[in-house]
file model14.pdb (PDB, C-alpha atoms, pLDDT in the B column)
ATOM      1  CA  MET A   1      79.414 101.361  73.903  1.00 62.00           C
ATOM      2  CA  ALA A   2      78.465 103.060  77.179  1.00 70.00           C
ATOM      3  CA  ASP A   3      79.993 106.483  77.763  1.00 78.00           C
ATOM      4  CA  PHE A   4      80.758 106.929  81.452  1.00 85.00           C
ATOM      5  CA  THR A   5      82.917 109.604  83.051  1.00 88.00           C
ATOM      6  CA  LEU A   6      85.867 108.553  85.178  1.00 91.00           C
ATOM      7  CA  GLU A   7      83.862 109.208  88.349  1.00 94.00           C
ATOM      8  CA  GLU A   8      80.960 107.109  87.064  1.00 94.00           C
ATOM      9  CA  MET A   9      83.367 104.284  86.181  1.00 94.00           C
ATOM     10  CA  ARG A  10      84.979 104.564  89.627  1.00 96.00           C
ATOM     11  CA  HIS A  11      81.593 104.420  91.365  1.00 97.00           C
ATOM     12  CA  GLN A  12      80.446 101.456  89.280  1.00 96.00           C
ATOM     13  CA  ALA A  13      83.700  99.562  89.943  1.00 97.00           C
ATOM     14  CA  TYR A  14      83.560 100.384  93.668  1.00 97.00           C
ATOM     15  CA  GLU A  15      80.031  98.968  93.946  1.00 97.00           C
ATOM     16  CA  GLN A  16      81.140  95.791  92.145  1.00 97.00           C
ATOM     17  CA  LEU A  17      84.170  95.467  94.421  1.00 97.00           C
ATOM     18  CA  LEU A  18      81.948  95.719  97.504  1.00 97.00           C
ATOM     19  CA  LEU A  19      79.835  92.843  96.160  1.00 96.00           C
ATOM     20  CA  HIS A  20      82.794  90.624  95.278  1.00 96.00           C
ATOM     21  CA  ALA A  21      85.169  91.350  98.163  1.00 96.00           C
ATOM     22  CA  GLU A  22      82.732  91.464 101.093  1.00 95.00           C
ATOM     23  CA  PRO A  23      84.916  93.993 102.956  1.00 94.00           C
ATOM     24  CA  ASP A  24      82.891  93.922 106.180  1.00 93.00           C
ATOM     25  CA  CYS A  25      83.185  90.125 106.605  1.00 91.00           C
ATOM     26  CA  THR A  26      85.912  88.787 108.895  1.00 88.00           C
ATOM     27  CA  PRO A  27      88.712  89.604 108.442  1.00 92.00           C
ATOM     28  CA  SER A  28      87.587  93.117 107.677  1.00 93.00           C
ATOM     29  CA  ILE A  29      89.118  95.431 105.105  1.00 95.00           C
ATOM     30  CA  VAL A  30      86.554  98.194 105.644  1.00 95.00           C
ATOM     31  CA  GLY A  31      88.085 101.549 104.736  1.00 95.00           C
ATOM     32  CA  GLU A  32      90.669 100.022 102.391  1.00 96.00           C
ATOM     33  CA  GLU A  33      88.432  99.291  99.414  1.00 96.00           C
ATOM     34  CA  ALA A  34      88.954 102.574  97.575  1.00 96.00           C
ATOM     35  CA  ALA A  35      92.756 102.353  97.830  1.00 97.00           C
ATOM     36  CA  ILE A  36      92.697  98.767  96.590  1.00 98.00           C
ATOM     37  CA  LEU A  37      90.521  99.776  93.645  1.00 97.00           C
ATOM     38  CA  GLU A  38      92.779 102.721  92.720  1.00 97.00           C
ATOM     39  CA  ARG A  39      95.791 100.378  92.540  1.00 97.00           C
ATOM     40  CA  HIS A  40      93.953  98.495  89.808  1.00 97.00           C
ATOM     41  CA  MET A  41      93.268 101.318  87.410  1.00 96.00           C
ATOM     42  CA  ARG A  42      94.175  99.921  83.987  1.00 96.00           C
ATOM     43  CA  CYS A  43      94.701 103.293  82.364  1.00 96.00           C
ATOM     44  CA  GLY A  44      93.839 106.933  82.828  1.00 95.00           C
ATOM     45  CA  VAL A  45      91.340 109.126  81.049  1.00 94.00           C
ATOM     46  CA  TRP A  46      92.904 111.873  78.922  1.00 97.00           C
ATOM     47  CA  THR A  47      92.737 115.344  80.454  1.00 96.00           C
ATOM     48  CA  PRO A  48      93.891 118.671  78.988  1.00 97.00           C
ATOM     49  CA  SER A  49      97.029 120.481  80.120  1.00 98.00           C
ATOM     50  CA  THR A  50      98.378 117.443  81.968  1.00 98.00           C
ATOM     51  CA  LEU A  51     101.926 116.101  82.161  1.00 98.00           C
ATOM     52  CA  TYR A  52     102.121 112.610  80.692  1.00 98.00           C
ATOM     53  CA  ILE A  53     105.139 110.347  81.030  1.00 98.00           C
ATOM     54  CA  TYR A  54     106.359 107.879  78.419  1.00 98.00           C
ATOM     55  CA  GLY A  55     104.333 104.677  78.823  1.00 98.00           C
ATOM     56  CA  ASP A  56     101.230 106.293  80.358  1.00 98.00           C
ATOM     57  CA  GLU A  57      98.056 104.846  78.898  1.00 98.00           C
ATOM     58  CA  VAL A  58      94.794 106.728  78.439  1.00 98.00           C
ATOM     59  CA  GLN A  59      91.452 106.424  76.786  1.00 96.00           C
ATOM     60  CA  ILE A  60      89.308 109.361  75.866  1.00 95.00           C
ATOM     61  CA  TYR A  61      85.911 110.613  76.930  1.00 90.00           C
ATOM     62  CA  PRO A  62      83.577 110.481  75.147  1.00 90.00           C
ATOM     63  CA  ARG A  63      84.870 107.049  74.189  1.00 92.00           C
ATOM     64  CA  ASN A  64      85.937 106.254  70.655  1.00 96.00           C
ATOM     65  CA  GLY A  65      86.662 102.584  71.321  1.00 96.00           C
ATOM     66  CA  ARG A  66      90.475 102.970  71.362  1.00 97.00           C
ATOM     67  CA  ARG A  67      93.274 103.339  73.905  1.00 98.00           C
ATOM     68  CA  TYR A  68      96.528 105.307  73.557  1.00 98.00           C
ATOM     69  CA  MET A  69     100.055 105.171  74.996  1.00 98.00           C
ATOM     70  CA  CYS A  70     102.272 108.194  75.520  1.00 98.00           C
ATOM     71  CA  ILE A  71     105.355 107.730  73.349  1.00 98.00           C
ATOM     72  CA  GLN A  72     106.932 111.099  74.143  1.00 98.00           C
ATOM     73  CA  THR A  73     106.810 112.658  77.593  1.00 98.00           C
ATOM     74  CA  GLY A  74     105.146 116.047  77.540  1.00 98.00           C
ATOM     75  CA  THR A  75     102.140 118.153  78.492  1.00 98.00           C
ATOM     76  CA  SER A  76      98.840 117.648  76.699  1.00 98.00           C
ATOM     77  CA  SER A  77      97.307 120.622  74.968  1.00 98.00           C
ATOM     78  CA  ALA A  78      94.327 122.585  76.290  1.00 97.00           C
ATOM     79  CA  THR A  79      92.108 120.931  73.675  1.00 96.00           C
ATOM     80  CA  ALA A  80      92.020 117.300  72.628  1.00 95.00           C
ATOM     81  CA  PRO A  81      93.857 116.282  69.478  1.00 96.00           C
ATOM     82  CA  ASP A  82      92.116 114.495  66.622  1.00 96.00           C
ATOM     83  CA  TRP A  83      92.313 110.965  68.031  1.00 97.00           C
ATOM     84  CA  SER A  84      92.890 108.468  65.252  1.00 97.00           C
ATOM     85  CA  THR A  85      91.235 105.072  65.571  1.00 97.00           C
ATOM     86  CA  HIS A  86      93.600 103.377  63.095  1.00 97.00           C
ATOM     87  CA  ALA A  87      95.881 100.690  64.521  1.00 97.00           C
ATOM     88  CA  SER A  88      99.269 102.024  65.687  1.00 97.00           C
ATOM     89  CA  SER A  89      98.544 105.540  64.397  1.00 98.00           C
ATOM     90  CA  ARG A  90     100.414 108.383  66.093  1.00 98.00           C
ATOM     91  CA  MET A  91      99.280 111.876  67.002  1.00 97.00           C
ATOM     92  CA  ALA A  92     100.782 115.009  68.557  1.00 98.00           C
ATOM     93  CA  ASP A  93      99.165 116.567  71.616  1.00 98.00           C
ATOM     94  CA  GLY A  94     100.842 119.685  72.978  1.00 98.00           C
ATOM     95  CA  THR A  95     104.392 118.521  73.718  1.00 98.00           C
ATOM     96  CA  ALA A  96     103.299 114.891  74.216  1.00 98.00           C
ATOM     97  CA  ASN A  97     102.866 112.290  71.495  1.00 98.00           C
ATOM     98  CA  TRP A  98     100.484 109.332  71.510  1.00 98.00           C
ATOM     99  CA  GLU A  99     100.192 106.008  69.728  1.00 98.00           C
ATOM    100  CA  GLU A 100      96.977 104.006  69.347  1.00 98.00           C
ATOM    101  CA  ILE A 101      97.496 100.659  71.131  1.00 98.00           C
ATOM    102  CA  GLY A 102      94.203  98.810  70.916  1.00 97.00           C
ATOM    103  CA  PRO A 103      90.636  98.673  72.173  1.00 97.00           C
ATOM    104  CA  ASP A 104      89.610 100.717  75.195  1.00 96.00           C
ATOM    105  CA  TYR A 105      88.118  99.319  78.395  1.00 94.00           C
ATOM    106  CA  GLU A 106      84.434  99.358  79.293  1.00 92.00           C
ATOM    107  CA  ASN A 107      85.699 100.415  82.730  1.00 93.00           C
ATOM    108  CA  VAL A 108      89.263 101.584  83.393  1.00 95.00           C
ATOM    109  CA  PHE A 109      89.189  99.837  86.790  1.00 97.00           C
ATOM    110  CA  ASP A 110      90.026  96.122  86.916  1.00 96.00           C
ATOM    111  CA  VAL A 111      87.495  94.907  89.494  1.00 97.00           C
ATOM    112  CA  ARG A 112      88.636  91.298  89.158  1.00 96.00           C
ATOM    113  CA  ALA A 113      92.237  92.187  90.081  1.00 97.00           C
ATOM    114  CA  ALA A 114      91.013  94.431  92.920  1.00 97.00           C
ATOM    115  CA  ALA A 115      88.843  91.614  94.327  1.00 97.00           C
ATOM    116  CA  HIS A 116      91.822  89.253  94.083  1.00 97.00           C
ATOM    117  CA  GLU A 117      93.944  91.685  96.088  1.00 97.00           C
ATOM    118  CA  ALA A 118      91.159  92.225  98.641  1.00 97.00           C
ATOM    119  CA  TRP A 119      90.766  88.493  99.287  1.00 96.00           C
ATOM    120  CA  SER A 120      94.560  88.060  99.391  1.00 96.00           C
ATOM    121  CA  VAL A 121      94.761  90.761 102.080  1.00 96.00           C
ATOM    122  CA  LYS A 122      91.968  89.026 103.995  1.00 94.00           C
ATOM    123  CA  ALA A 123      93.791  85.680 103.698  1.00 93.00           C
ATOM    124  CA  ALA A 124      97.002  87.239 105.029  1.00 92.00           C
ATOM    125  CA  ARG A 125      95.114  88.662 107.998  1.00 91.00           C
ATOM    126  CA  ALA A 126      93.328  85.368 108.639  1.00 89.00           C
ATOM    127  CA  SER A 127      96.662  83.542 108.739  1.00 84.00           C
ATOM    128  CA  HIS A 128      97.475  85.419 111.971  1.00 78.00           C
ATOM    129  CA  LEU A 129      94.196  84.563 113.684  1.00 75.00           C
ATOM    130  CA  VAL A 130      93.789  81.798 116.203  1.00 64.00           C
ATOM    131  CA  THR A 131      90.777  79.579 116.706  1.00 63.00           C
ATOM    132  CA  THR A 132      88.468  81.298 119.152  1.00 64.00           C
ATOM    133  CA  SER A 133      85.082  80.834 120.768  1.00 64.00           C
ATOM    134  CA  ALA A 134      82.607  83.496 121.818  1.00 65.00           C
ATOM    135  CA  GLY A 135      79.343  82.273 123.286  1.00 67.00           C
ATOM    136  CA  ASN A 136      77.872  79.778 120.852  1.00 64.00           C
ATOM    137  CA  SER A 137      80.137  80.948 118.004  1.00 63.00           C
ATOM    138  CA  ARG A 138      83.416  79.328 117.099  1.00 61.00           C
ATOM    139  CA  ILE A 139      85.709  80.723 114.435  1.00 63.00           C
ATOM    140  CA  GLU A 140      88.148  78.229 112.957  1.00 75.00           C
ATOM    141  CA  ALA A 141      91.080  80.372 111.902  1.00 76.00           C
ATOM    142  CA  SER A 142      92.651  77.827 109.540  1.00 81.00           C
ATOM    143  CA  LEU A 143      89.310  77.306 107.778  1.00 88.00           C
ATOM    144  CA  LEU A 144      88.794  81.057 107.468  1.00 87.00           C
ATOM    145  CA  HIS A 145      92.302  81.444 106.008  1.00 87.00           C
ATOM    146  CA  GLU A 146      91.669  78.698 103.454  1.00 91.00           C
ATOM    147  CA  GLN A 147      88.280  80.183 102.476  1.00 93.00           C
ATOM    148  CA  CYS A 148      89.877  83.598 101.882  1.00 92.00           C
ATOM    149  CA  ARG A 149      92.614  81.998  99.775  1.00 93.00           C
ATOM    150  CA  ALA A 150      89.991  80.128  97.754  1.00 95.00           C
ATOM    151  CA  ARG A 151      88.061  83.350  97.118  1.00 95.00           C
ATOM    152  CA  ALA A 152      91.301  85.072  96.024  1.00 95.00           C
ATOM    153  CA  ARG A 153      91.886  82.259  93.524  1.00 95.00           C
ATOM    154  CA  GLU A 154      88.368  82.809  92.131  1.00 95.00           C
ATOM    155  CA  PHE A 155      89.398  86.327  91.181  1.00 95.00           C
ATOM    156  CA  THR A 156      92.882  85.597  89.828  1.00 93.00           C
ATOM    157  CA  PRO A 157      93.349  88.209  87.079  1.00 86.00           C
ATOM    158  CA  PHE A 158      93.387  87.014  83.482  1.00 81.00           C
ATOM    159  CA  VAL A 159      96.755  87.358  81.807  1.00 69.00           C
TER     160      VAL A 159
END

call {"tool": "encode", "arguments": {"input": "model14.pdb", "output": "structure tokens"}}
result
Amino acid sequence: MADFTLEEMRHQAYEQLLLHAEPDCTPSIVGEEAAILERHMRCGVWTPSTLYIYGDEVQIYPRNGRRYMCIQTGTSSATAPDWSTHASSRMADGTANWEEIGPDYENVFDVRAAAHEAWSVKAARASHLVTTSAGNSRIEASLLHEQCRARAREFTPFV
């Protein structure tokens, strides 16, 4: 089990998104990749002295292979609690309470869902284009739209 910090996970996921989403290809989404990726963060990484709301999900660093859901809104303590790895176990953390909810993620960012969104945005932009010619190049807008939609389908998130 690799032990990456949140920033390392973010960087790794961003590089993967660039490969899968081809942001600089027409229609361009250059400059939007980071925001798209952030919308597909599966869960947070626990941090001390932080307000957590009921339903927030976190995993810990260094990883212990488990993920936790906040079951009582509150502020985490300045030091991490003893995180249990037993199924459905509960633990207090400052004024917040947590419950173990299953295995953690190798990366908290869902690159597949982010790539799906990126290609969906590209498809929406391509739907407004018209067929055009420039020199020896011809861009068929309807073909471009269909190719973007097909790429979005390739990355449909697993349910």

call {"tool": "resolve_selection", "arguments": {"input": "model14.pdb", "expression": "the PyMOL selection byres ((chain A and resi 99-106) around 9)", "output": "NGL selection string"}}
result
:A and (1-4 or 9 or 42-43 or 57-60 or 63-71 or 83-91 or 97-98 or 107-109)

call {"tool": "residues_around", "arguments": {"input": "model14.pdb", "residues": "Val30 (chain A)", "least_positions_apart": "6", "cutoff": "12 Å", "atoms": "all atoms listed in the file", "output": "number ranges by chain"}}
result
A: 17-18, 21-24, 36, 118, 121-122

call {"tool": "resolve_selection", "arguments": {"input": "model14.pdb", "expression": "the PyMOL selection byres ((chain A and resi 35) around 12)", "output": "ChimeraX atom specification"}}
result
/A:10,14,17,29-34,36-41,109,114-115,117-118

call {"tool": "atom_distance", "arguments": {"input": "model14.pdb", "atom1": "CA of Arg151 (chain A)", "atom2": "CA of Gln16 (chain A)"}}
result
15.1 Å

call {"tool": "atom_distance", "arguments": {"input": "model14.pdb", "atom1": "CA of Tyr54 (chain A)", "atom2": "CA of Asp82 (chain A)"}}
result
19.6 Å

call {"tool": "atom_distance", "arguments": {"input": "model14.pdb", "atom1": "CA of Val45 (chain A)", "atom2": "CA of Pro62 (chain A)"}}
result
9.8 Å

call {"tool": "residues_around", "arguments": {"input": "model14.pdb", "residues": "region 76-81 of chain A", "least_positions_apart": "4", "cutoff": "7 Å", "atoms": "only C-alpha atoms", "output": "PyMOL selection string"}}
result
chain A and resi 48-51+93-96

call {"tool": "closest_residue", "arguments": {"input": "model14.pdb", "among": "A:Trp119, A:Tyr52, A:Tyr61, A:Trp46", "to": "Ser28 (chain A)", "atoms": "only C-alpha atoms"}}
result
A:Trp119

call {"tool": "closest_residue", "arguments": {"input": "model14.pdb", "among": "A:Ala141, A:Ala13, A:Leu19, A:Ala92", "to": "Ala123 (chain A)", "atoms": "all atoms listed in the file"}}
result
A:Ala141

call {"tool": "residues_around", "arguments": {"input": "model14.pdb", "residues": "Leu129 (chain A)", "least_positions_apart": "6", "cutoff": "9 Å", "atoms": "all atoms listed in the file", "output": "ChimeraX atom specification"}}
result
/A:140-142,144-145

call {"tool": "axis_aligned_box", "arguments": {"input": "model14.pdb", "around": "region 48-67 of chain A", "padding_each_side": "8 Å", "output": "JSON"}}
result
{"center_x": 95.0, "center_y": 111.5, "center_z": 76.4, "size_x": 38.8, "size_y": 33.9, "size_z": 27.5}

call {"tool": "closest_residue", "arguments": {"input": "model14.pdb", "among": "A:His20, A:Glu8, A:Ile53, A:Gly44", "to": "Ala152 (chain A)", "atoms": "all atoms listed in the file"}}
result
A:His20

call {"tool": "decode", "arguments": {"input": "model14.pdb", "residues": "region 56-95 of chain A", "atoms": "C-alpha atoms", "output": "short mmCIF file (atom, residue, chain, number, x, y, z; two decimals), in the first residue's frame"}}
result
data_model
loop_
_atom_site.label_atom_id
_atom_site.label_comp_id
_atom_site.auth_asym_id
_atom_site.auth_seq_id
_atom_site.Cartn_x
_atom_site.Cartn_y
_atom_site.Cartn_z
CA ASP A 56 -17.80 13.91 5.65
CA GLU A 57 -15.51 11.06 4.65
CA VAL A 58 -11.78 10.90 5.32
CA GLN A 59 -8.89 8.53 5.21
CA ILE A 60 -5.77 8.94 7.24
CA TYR A 61 -2.13 9.54 6.44
CA PRO A 62 -0.10 7.45 6.83
CA ARG A 63 -2.69 5.07 5.41
CA ASN A 64 -4.08 2.22 7.45
CA GLY A 65 -6.20 0.78 4.65
CA ARG A 66 -9.54 2.10 6.00
CA ARG A 67 -11.88 5.04 5.43
CA TYR A 68 -14.07 6.83 7.99
CA MET A 69 -17.31 8.84 7.99
CA CYS A 70 -18.11 11.63 10.43
CA ILE A 71 -21.17 10.56 12.41
CA GLN A 72 -21.24 13.58 14.72
CA THR A 73 -20.40 17.08 13.55
CA GLY A 74 -17.52 18.56 15.48
CA THR A 75 -13.89 19.68 15.47
CA SER A 76 -11.13 17.09 15.32
CA SER A 77 -8.57 17.08 18.08
CA ALA A 78 -5.02 18.40 17.74
CA THR A 79 -3.72 14.83 17.62
CA ALA A 80 -5.13 11.88 15.72
CA PRO A 81 -7.31 9.40 17.58
CA ASP A 82 -6.51 5.69 17.66
CA TRP A 83 -8.08 4.76 14.33
CA SER A 84 -9.69 1.34 14.54
CA THR A 85 -9.53 -0.86 11.46
CA HIS A 86 -12.45 -3.08 12.56
CA ALA A 87 -15.58 -2.93 10.41
CA SER A 88 -18.11 -0.31 11.58
CA SER A 89 -16.06 0.56 14.68
CA ARG A 90 -16.58 4.04 16.13
CA MET A 91 -14.11 6.46 17.67
CA ALA A 92 -14.18 9.89 19.30
CA ASP A 93 -11.99 12.68 17.94
CA GLY A 94 -12.23 16.01 19.74
CA THR A 95 -15.93 16.89 19.48
#
